[in-house]
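Scroll down for the structure; my scribbles are underneath it.
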Amino acid sequence: MDGNLFQQLGLKHPLIVAPMAGGPSSVDLVAAASAAGALGAMGGAYSNAAAIEAFAAQVRQRTDKPFSINLFIPHSIPEVSADRLERAAAATARYRQELKLPSPQLSPPYEEDFDAQFEAVLRIKPACFSFVFGLLPTDHVREAKKAGIPLIGTATTLDEARRLEESGADAIVLQGFEAGGHRGIFDARAADPEIGMRDLMAQCVGTIRVPLIAAGGIMTPSDIRAALQAGAQVVQMGTAFLACTEAGTSAPYRKKLVETSERRTRTTRAFSGRFARGIENRFMDEMDGKADAILPFPAQNKFTRDMRSASTAKGLPDFLSLWSGTGRGELWQGSAAELIGRLFTE
């Protein structure tokens, strides 16, 4: 991976269509992105090993082009005390009542078995394996290298990028503060460094030797040009693809995204317990003032899942995690291939 990352992968365009777990990164979107000459990426964090393998098989039925799989690096499981759970339940009781949901039941595990997910990745042998929230453990790095799977880590600071490079990452996504969805910060409890993509690129270019991938607020051909000129080999774009026909974006989420080009976004811990950027909505506004009623990640993610599902079923955006970056402009509602063509015609 020392040379030009996207050329070695045989990509036509220096673009990764971001892994967006929880729906948007559908089989159709991943396959369409890869078939159009970008690198499609599965957001596999919320899927078990069997589902990851089934997803990859379906992508391969649609295209023989390379694609990537992304997972969340696990951390020690947080203790959720009875009184903490009571506070969280009390703070969300009226929402569940409104959505006609029973009282929440929460017990570990709060996330999928990472080792089982990783074993599935080794069996699938995707073109790349990417990860967020920290370093891939040493033995996992060794296994991936043995299988010939390039590793892409995610950094929100120069220090995180250095640690990823030292750990054996073959390329690094530099995730600016503008990016939609979960912030890749290593420590779930830490304050957000809030470094924009341009500043992060400037800090890392010339210091980090592995290929750099720019992410955050990239929406237009000129955004792509600026990122590549700043030293990125590849750009990663997520929000721009959320309204594409192939995206698995739910109807209320899609409606909220396209109803205005001025999307008001901010970061919140309300939905998952980790900082993530999304469009402001009622749940975010009302819960952000109740920090002591928000459970640690990933317990909060599991705790709010019933509300998010019910909100989708009722066509309401009020309780959905409407992940979106700060990039400006209307969202393309045609095919992913057409959008990629428009982005790179120049």
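Identifiers for the structure tokens are assigned positionally: chains receive A, B, ... in sequence, residues are indexed from 1 per chain, and ligands are indexed from 1 in the order shown.
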
TODO: Excluding Thr157 of chain A and any residue of its chain fewer than 4 positions from it, enumerate the residues within 8 Å of it, using only C-alpha atoms, and give them as a VMD selection string.
DONE: chain A and resid 161 174 193 195 200

Write a file of the just-selected residues containing N, CA and C atoms, as a PDB file, in the first residue's frame.
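Okay, again_38.pdb is ready:
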ATOM      1  N   ALA A 161      -3.629   9.454  14.406  1.00  0.00           N
ATOM      2  CA  ALA A 161      -3.062   9.028  13.121  1.00  0.00           C
ATOM      3  C   ALA A 161      -1.688   8.380  13.322  1.00  0.00           C
ATOM      4  N   LEU A 174      -8.723  10.559   7.638  1.00  0.00           N
ATOM      5  CA  LEU A 174      -8.653  11.718   8.521  1.00  0.00           C
ATOM      6  C   LEU A 174     -10.058  12.295   8.580  1.00  0.00           C
ATOM      7  N   PRO A 193     -12.082  16.674  19.941  1.00  0.00           N
ATOM      8  CA  PRO A 193     -11.021  17.634  19.597  1.00  0.00           C
ATOM      9  C   PRO A 193     -11.488  18.719  18.620  1.00  0.00           C
ATOM     10  N   ILE A 195     -11.434  19.161  15.381  1.00  0.00           N
ATOM     11  CA  ILE A 195     -10.493  19.618  14.346  1.00  0.00           C
ATOM     12  C   ILE A 195     -11.131  19.427  12.973  1.00  0.00           C
ATOM     13  N   LEU A 200      -6.721  19.149   9.956  1.00  0.00           N
ATOM     14  CA  LEU A 200      -6.206  17.812  10.249  1.00  0.00           C
ATOM     15  C   LEU A 200      -5.288  17.334   9.120  1.00  0.00           C
TER      16      LEU A 200
END

Applying 10 Å and only C-alpha atoms, which residues near segment 77-82 of chain A remain after dropping the ones on its own chain fewer than 4 positions away? List them as a CSV table (one decimal) with N, CA, C and O atoms, in the first residue's frame.
chain,number,residue,atom,x,y,z
A,86,GLU,N,-32.5,3.6,35.5
A,86,GLU,CA,-33.8,4.2,35.9
A,86,GLU,C,-33.9,5.7,35.4
A,86,GLU,O,-34.9,6.1,34.9
A,87,ARG,N,-32.8,6.4,35.5
A,87,ARG,CA,-32.7,7.8,35.1
A,87,ARG,C,-33.0,7.9,33.6
A,87,ARG,O,-33.7,8.7,33.1
A,88,ALA,N,-32.3,7.0,32.8
A,88,ALA,CA,-32.5,6.9,31.4
A,88,ALA,C,-33.9,6.6,31.0
A,88,ALA,O,-34.5,7.2,30.1
A,106,LEU,N,-33.0,-3.7,29.2
A,106,LEU,CA,-31.6,-3.5,28.7
A,106,LEU,C,-30.7,-4.5,29.5
A,106,LEU,O,-30.6,-4.4,30.7
A,107,SER,N,-30.0,-5.3,28.7
A,107,SER,CA,-29.0,-6.2,29.4
A,107,SER,C,-27.9,-6.4,28.4
A,107,SER,O,-28.1,-6.4,27.1
A,108,PRO,N,-26.7,-6.7,28.9
A,108,PRO,CA,-25.6,-6.9,28.0
A,108,PRO,C,-25.8,-8.3,27.3
A,108,PRO,O,-26.6,-9.1,27.7
A,109,PRO,N,-25.1,-8.5,26.1
A,109,PRO,CA,-24.2,-7.7,25.4
A,109,PRO,C,-24.9,-6.5,24.7
A,109,PRO,O,-26.0,-6.6,24.3
A,110,TYR,N,-24.2,-5.4,24.6
A,110,TYR,CA,-24.8,-4.2,24.0
A,110,TYR,C,-24.4,-4.1,22.5
A,110,TYR,O,-24.8,-3.2,21.8
A,111,GLU,N,-23.5,-4.9,22.1
A,111,GLU,CA,-23.0,-4.9,20.7
A,111,GLU,C,-22.7,-6.3,20.2
A,111,GLU,O,-22.7,-7.2,21.0
A,295,LEU,N,-26.9,7.0,28.6
A,295,LEU,CA,-26.0,5.9,29.0
A,295,LEU,C,-24.7,5.9,28.2
A,295,LEU,O,-24.6,6.5,27.2
A,296,PRO,N,-23.7,5.2,28.7
A,296,PRO,CA,-22.4,5.1,28.0
A,296,PRO,C,-22.6,4.3,26.7
A,296,PRO,O,-23.5,3.5,26.6
A,297,PHE,N,-21.7,4.6,25.7
A,297,PHE,CA,-21.7,3.8,24.5
A,297,PHE,C,-21.1,2.4,24.8
A,297,PHE,O,-20.2,2.3,25.6
A,298,PRO,N,-21.6,1.3,24.2
A,298,PRO,CA,-22.7,1.2,23.3
A,298,PRO,C,-24.1,0.9,23.9
A,298,PRO,O,-25.0,0.6,23.2
A,299,ALA,N,-24.2,1.0,25.3
A,299,ALA,CA,-25.4,0.7,25.9
A,299,ALA,C,-26.5,1.6,25.5
A,299,ALA,O,-27.7,1.2,25.2
A,300,GLN,N,-26.2,3.0,25.3
A,300,GLN,CA,-27.2,3.9,24.9
A,300,GLN,C,-27.7,3.6,23.5
A,300,GLN,O,-28.9,3.8,23.2

Task: Exercise: Met287 of chain A partners within 8 Å, only C-alpha atoms, chain neighbours under 5 positions left out, as a list in words - done: Ala91, Ala270, Ala293 and Ile294 of chain A

Restricting it to C-alpha atoms, dump the selection as a PDB file, in the first residue's frame.
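Wrote result.pdb, looks like this:
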ATOM      1  CA  ALA A  91     -36.075  10.632  30.774  1.00  0.00           C
ATOM      2  CA  ALA A 270     -28.092  11.350  22.767  1.00  0.00           C
ATOM      3  CA  ALA A 293     -29.741  10.362  31.601  1.00  0.00           C
ATOM      4  CA  ILE A 294     -27.615   9.290  28.617  1.00  0.00           C
TER       5      ILE A 294
END

Task: strand (DSSP E or B) call set, DSSP backbone run, segment 53-280 of chain A, as a PyMOL selection string - done: chain A and resi 67-72+128-132+151-155+171-175+181-182+205+208+212-215+234-237+265-268+276-279

Could you give me, as a Markdown table, a per-residue list for segment 150-249 of chain A showing, wherever an atom lies at most 7 Å from an atom of segment 11-15 of chain A, the closest pair of atoms and their distance in Å to one decimal, using only C-alpha atoms and sorting by chain then residue number from low to high?
| residue | atom | partner | partner_atom | distance |
| --- | --- | --- | --- | --- |
| A:Gln233 | CA | A:Pro14 | CA | 6.8 |
| A:Val234 | CA | A:Pro14 | CA | 4.5 |
| A:Val235 | CA | A:Leu15 | CA | 5.0 |
| A:Gln236 | CA | A:Leu15 | CA | 5.8 |

TODO: Would you list the contacts of Arg282 of chain A as a ChimeraX atom specification, taking every protein, DNA or RNA residue within 12 Å and counting only C-alpha atoms, but skipping same-chain residues closer than 2 positions in sequence?
DONE: /A:95,270-271,278-280,284-289,311,316-322

Dump C-alpha atoms for the selected residues as a compact mmCIF listing (two decimals), in the first residue's frame?
# COMPACT_ATOMS: atom_id res chain seq x y z
CA TYR A 95 -41.32 9.22 24.16
CA ALA A 270 -28.09 11.35 22.77
CA PHE A 271 -28.58 8.40 20.41
CA GLY A 278 -26.67 14.62 12.72
CA ILE A 279 -29.55 16.92 11.78
CA GLU A 280 -31.08 18.60 14.81
CA MET A 284 -31.47 15.55 20.23
CA ASP A 285 -32.72 18.95 21.43
CA GLU A 286 -34.51 17.59 24.48
CA MET A 287 -31.96 14.95 25.54
CA ASP A 288 -28.78 17.00 25.12
CA GLY A 289 -29.62 18.92 28.30
CA SER A 311 -40.02 6.38 14.70
CA LEU A 316 -41.43 10.38 12.09
CA PRO A 317 -37.96 11.97 12.04
CA ASP A 318 -38.32 13.11 15.71
CA PHE A 319 -36.54 10.14 17.31
CA LEU A 320 -34.20 9.15 14.47
CA SER A 321 -30.44 9.52 14.35
CA LEU A 322 -30.39 11.65 11.17

- [ ] Return the single residue from A:Arg62, A:Cys128, A:Phe344, A:Lys290 that is closest to Ala90 of chain A, with distances computed using only C-alpha atoms.
- [x]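 Among A:Arg62, A:Cys128, A:Phe344, A:Lys290, it is A:Lys290 that comes nearest to Ala90 of chain A.
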